[in-house]
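Student: If you scroll down you'll find the structure; I have some questions about it.
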Amino acid sequence: MKHTYITTAIPYLNGDPHIGHAVDYCLADVFARYSRLKGDEVKFQAGTDEHGNKIFQKAKELGVPVEEYVQGNVDKFKDFIAKLNASYTDFVRTTDKQHEKRVQEIWLKLKEHIYKAGYEGWYCTGCERYVTEKECKENNGVCPDHQKPYEKLKEENYYFRISDFKDKIRQAIESDEMVILPEFRKKEILKLLDESPDVSVSRPVSQLTWGVPVPDDESQVMYVWVDALSNYLTVIGYPDDNDYSVWWPASVQIVGKDILRFHAILWPAMLMGLGLNLPKVILSHGMILADGQKMSKSVGNVVNPLEVLDKYGLDAFRYYFLRHVDTFSDSDFTWQKYDEAYNNELANDLGNLVQRLATLAQKNNLVLEKRANIGFSAEYQKYMESFEFSRAFDYVWDKIQNLNKRIDDEKPWMLAKNNETEKLNVCLNDLINDLLEANYELSVFLPNAADKIFEVFGDSIKPPETPLFPKTKK
RNA sequence: CGCGGGGUAGAGCAGCCUGGUAGCUCGUUUGGCUCAUAACCAAAAGGUCGUUGGUUCAAAUCCAACCCCCGCAACCA
């Protein structure tokens with residue numbers, strides 16, 4: 001049996017779930033469901049990144065123990081993922097004891113590529129963090145939050161020597177041994193690769209305590225990368241549980257374009273350092289724009305995914321974010337578009353199609369003879385295998401719209417009126433079976449709706465008592 | 001001349017790699033239908049394919065130059 005391992009980026013737990021996380025989970029879920037229906041055994045990882053000063057400070061501000069703070073946020077995320085009906089199989093927290101232990105083992109294995117060096121930069125004692133040269137310049141050398149001038153500070157850090165692997169990474173990307181999707185991101189990464197510096201992977205304990213201690217050096221604590229990126233391995237048992245070898249390399253790792261560089265450069269370097277294969281595909285999706293603009297707290301145009309979910313429910317949410325949001329490039333969200341997609345497409349095209357077919361069948365006491373083998377069509381598979389999910393969805397939708405056309409062309413109600421029972425039977429059986437085939441393909445995108453549709457055309461056919469997608473009044 | 005993406009109908013987009021009738025969805029107008037959620041189907045109107053030049057029998061598509069828009073990325077080492 002084929003093993004398919006799908007990963008999602010682990011969100012940093014210093015805030016609430018936002019719409020970008022939802023995209024991650026939805027995309028991963030689509031591929032997971034697709035793979036399962038094809039017969040693969042699927043592992044679908046999700047998790048949370050819980051270390052670091054920001055979380056530590058946030059907890060302090062709120063006056064709660066940091067463990068309690070992260071627990072509360074993990075619950076929010078788990079709840080969110082459940083609401084999306086994302087079918088993950090494994091959940092990893094970077095504060096899991098087992099994860100921490102495994103991360104330390106990974107660190108030790110990478111040791112020959114890790115070196116200690118001084119870091120010098122602009123530091124704000126108020127924020128307790130370094131800022132980039134650029135940020136310092138933009139703020140004219142003064143921290144806007146604390147009104148204190150940045151200080152030039154020096155400290156010891158461990159660095160991961162990416163330069164040990166650059167040539168091999170380039171080769172892996174160019175040869176598509178590790179596919180980066182979409183193509184234009186691949187080009188971007190190849191350009192970035194040359195100028196990628198070695199990455200700082202620890203902080204002195206005086207600065208950072210909420211993290212995994214560096215093994216064999218009490219003065220240092222791991223800083224995000226080795227800790228967070230390793231989750232993809234620790235969750236499947238690496239290095240002590242040999243089960244990991246069944247799942248690794250990952251079939252696809254889904255990330256937002258903002259963190260692609262870490263996944264396409266640092267992460268492969270780490271894997272090479274560990275002597276492991278690279279993931280087969282890294283899929284980088286775009287950002288959701290609010291009415292053409294980047295969402296930002298300062299602009300105040302952040303769309304709350306929970307609010308969107310509440311409006312018309314999960315099917316509508318997944319419908320919009322999997323079909324009208326392009327898998328790879330940035331896409332827009334506006335309430336108007338969301339309304340239109342729901343009413344014109346889900347309700348009118350699909351909801352109404354189910355209703356009319358079910359009613360036709362029921363009124364004419366149709367005996368439904370279901371086709372034995374339902375499967376994926378070749379074209380659909382082609383799209384799915386190349387991770388063009390929104391296109392695959394378009395393709396399915398085309399089938400649905402076509403069914404509406406065919407009903408009009410074949411006029412089953414006329415056949416009924418003329419008592420052409422035999423023809424009517426054939427006609428309705430054909431239409432309904434075609435709907436069920438489309439519904440099978442639809443089920444990876446809209447599992448809930450698909451279930452309901454299969455139920456309508458179950459052993460007996462009963463039209464939904466309440467519309468599948470009740471329309472909203474304008 | 002930092003890098004990347006883009007400019008195609010009122011809106012949103014596909015087509016460009018691999019030149020050969022400009023296409024899809026929404027919206028608009030008209031018509032049809034009555035199985036259905038005021039749903040469905042059909043037809044029509046609507047385009048100097050950013051600009052200029054080049055290659056070619058033929059350019060949205062290839063080449064060159066230019067103009068314009070948007071990002072540099074989810075709160076940020």
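Chain lettering (A, B, ...) mirrors the order of the structure tokens, residue numbering begins at 1 for each chain separately, and ligand numbering begins at 1 in order of display.
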Could you pull the residues within 12 Å of A44 in chain B, counting only C-alpha atoms (C1' of nucleotides), minus those fewer than 4 positions along the same chain, as a list in words?

Tutor: U28, U29, U30 and G31 of chain B

Student: Using the selection just defined, write its residues with C-alpha atoms (C1' of nucleotides) as a PDB file, in the first residue's frame.

Tutor:
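Dumped everything to part-v5.pdb:
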ATOM      1  C1'   U B  28     -26.738  43.296 -18.060  1.00  0.00           C
ATOM      2  C1'   U B  29     -30.727  42.497 -21.973  1.00  0.00           C
ATOM      3  C1'   U B  30     -34.013  39.223 -24.464  1.00  0.00           C
ATOM      4  C1'   G B  31     -36.224  34.593 -25.116  1.00  0.00           C
TER       5        G B  31
END

Student: Do a neighbour search on C63 in chain B at 12 Å with only C-alpha atoms (C1' of nucleotides), toss out local chain neighbours closer than 3 positions, and write the hits as an NGL selection string.

Tutor: :B and (53-56 or 59)

Student: Considering only C-alpha atoms (C1' of nucleotides), return as a PyMOL selection string whatever protein or nucleic-acid residues lie within 10 Å of Met272 in chain A, sequence-local ones (same chain, fewer than 2 positions apart) excluded.

Tutor: chain A and resi 110+164-165+168-169+266-270+274-278

Student: Please identify all residues of chain B having at least one atom at most 8 Å from any atom of chain A, considering only C-alpha atoms (C1' of nucleotides), and return them as an mmCIF file with N, CA and C atoms (P, O5', C5', C4', C3', O3' and C1' of nucleotides), in the first residue's frame.

Tutor:
data_model
loop_
_atom_site.group_PDB
_atom_site.id
_atom_site.type_symbol
_atom_site.label_atom_id
_atom_site.label_comp_id
_atom_site.auth_asym_id
_atom_site.auth_seq_id
_atom_site.Cartn_x
_atom_site.Cartn_y
_atom_site.Cartn_z
ATOM 1 P P G B 4 13.211 38.419 -10.986
ATOM 2 O "O5'" G B 4 11.769 38.159 -10.381
ATOM 3 C "C5'" G B 4 11.529 36.947 -9.673
ATOM 4 C "C4'" G B 4 10.200 37.038 -8.984
ATOM 5 C "C3'" G B 4 9.006 37.307 -9.882
ATOM 6 O "O3'" G B 4 8.599 36.156 -10.590
ATOM 7 C "C1'" G B 4 8.856 38.667 -7.984
ATOM 8 P P C B 33 -41.850 27.751 -23.727
ATOM 9 O "O5'" C B 33 -41.178 26.865 -22.584
ATOM 10 C "C5'" C B 33 -40.569 25.608 -22.901
ATOM 11 C "C4'" C B 33 -39.895 25.064 -21.673
ATOM 12 C "C3'" C B 33 -40.831 24.836 -20.489
ATOM 13 O "O3'" C B 33 -41.461 23.570 -20.609
ATOM 14 C "C1'" C B 33 -38.891 25.987 -19.753
ATOM 15 P P C B 35 -43.414 20.333 -14.028
ATOM 16 O "O5'" C B 35 -42.426 19.895 -12.865
ATOM 17 C "C5'" C B 35 -42.315 18.550 -12.465
ATOM 18 C "C4'" C B 35 -40.936 18.357 -11.903
ATOM 19 C "C3'" C B 35 -40.438 19.517 -11.061
ATOM 20 O "O3'" C B 35 -40.968 19.411 -9.755
ATOM 21 C "C1'" C B 35 -38.727 18.776 -12.517
ATOM 22 P P A B 36 -41.335 20.713 -8.953
ATOM 23 O "O5'" A B 36 -39.902 21.234 -8.525
ATOM 24 C "C5'" A B 36 -39.081 20.443 -7.652
ATOM 25 C "C4'" A B 36 -37.747 21.126 -7.536
ATOM 26 C "C3'" A B 36 -37.835 22.576 -7.070
ATOM 27 O "O3'" A B 36 -37.699 22.596 -5.660
ATOM 28 C "C1'" A B 36 -36.454 22.389 -9.016
ATOM 29 P P U B 37 -38.524 23.602 -4.781
ATOM 30 O "O5'" U B 37 -37.447 24.744 -4.554
ATOM 31 C "C5'" U B 37 -37.715 25.772 -3.619
ATOM 32 C "C4'" U B 37 -36.581 26.762 -3.659
ATOM 33 C "C3'" U B 37 -36.190 27.266 -5.036
ATOM 34 O "O3'" U B 37 -36.200 28.683 -5.027
ATOM 35 C "C1'" U B 37 -34.290 26.707 -3.763
ATOM 36 P P A B 39 -33.269 33.527 -8.335
ATOM 37 O "O5'" A B 39 -32.640 32.076 -8.351
ATOM 38 C "C5'" A B 39 -32.646 31.329 -9.515
ATOM 39 C "C4'" A B 39 -32.601 29.879 -9.128
ATOM 40 C "C3'" A B 39 -32.195 28.950 -10.253
ATOM 41 O "O3'" A B 39 -30.790 28.821 -10.292
ATOM 42 C "C1'" A B 39 -34.176 28.164 -9.254
ATOM 43 P P C B 40 -30.019 29.180 -11.590
ATOM 44 O "O5'" C B 40 -30.427 28.012 -12.579
ATOM 45 C "C5'" C B 40 -30.158 26.653 -12.247
ATOM 46 C "C4'" C B 40 -30.746 25.770 -13.311
ATOM 47 C "C3'" C B 40 -30.360 26.172 -14.723
ATOM 48 O "O3'" C B 40 -29.123 25.597 -15.082
ATOM 49 C "C1'" C B 40 -32.691 25.918 -14.612
ATOM 50 P P C B 41 -28.168 26.343 -16.067
ATOM 51 O "O5'" C B 41 -28.915 26.195 -17.462
ATOM 52 C "C5'" C B 41 -29.066 24.923 -18.089
ATOM 53 C "C4'" C B 41 -29.843 25.074 -19.373
ATOM 54 C "C3'" C B 41 -29.285 26.100 -20.344
ATOM 55 O "O3'" C B 41 -28.251 25.564 -21.123
ATOM 56 C "C1'" C B 41 -31.604 26.433 -20.110
ATOM 57 P P A B 73 8.632 41.979 4.055
ATOM 58 O "O5'" A B 73 7.447 41.046 4.384
ATOM 59 C "C5'" A B 73 7.028 40.257 5.305
ATOM 60 C "C4'" A B 73 5.731 39.679 4.798
ATOM 61 C "C3'" A B 73 5.561 38.210 5.100
ATOM 62 O "O3'" A B 73 4.582 38.134 6.124
ATOM 63 C "C1'" A B 73 4.713 38.808 2.971
ATOM 64 P P A B 74 4.765 37.181 7.326
ATOM 65 O "O5'" A B 74 3.341 37.318 8.005
ATOM 66 C "C5'" A B 74 2.965 38.574 8.540
ATOM 67 C "C4'" A B 74 1.630 38.437 9.206
ATOM 68 C "C3'" A B 74 1.512 37.201 10.090
ATOM 69 O "O3'" A B 74 1.071 37.620 11.360
ATOM 70 C "C1'" A B 74 -0.161 37.185 8.371
ATOM 71 P P C B 75 1.500 36.789 12.558
ATOM 72 O "O5'" C B 75 2.277 37.882 13.407
ATOM 73 C "C5'" C B 75 3.598 38.263 13.092
ATOM 74 C "C4'" C B 75 3.745 39.713 13.445
ATOM 75 C "C3'" C B 75 3.092 40.081 14.779
ATOM 76 O "O3'" C B 75 3.920 40.999 15.453
ATOM 77 C "C1'" C B 75 2.176 41.379 13.036
ATOM 78 P P A B 77 11.150 40.031 14.899
ATOM 79 O "O5'" A B 77 12.398 39.456 14.083
ATOM 80 C "C5'" A B 77 12.922 40.111 12.981
ATOM 81 C "C4'" A B 77 14.124 39.321 12.501
ATOM 82 C "C3'" A B 77 13.826 37.859 12.272
ATOM 83 O "O3'" A B 77 14.051 37.512 10.913
ATOM 84 C "C1'" A B 77 15.809 38.166 13.560
#

Student: How many Å separate CA of Asp227 in chain A from CA of His51 in chain A?

Tutor: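 Between these atoms lies a distance of 8.6 Å.
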
Student: Report as a PyMOL selection string all protein, DNA and RNA residues lying within 9 Å of Leu84 in chain A, evaluated on only C-alpha atoms (C1' of nucleotides), omitting residues in the same chain fewer than 3 positions from it.

Tutor: chain A and resi 22+25-26+79-81+87+309+314-315+317-318
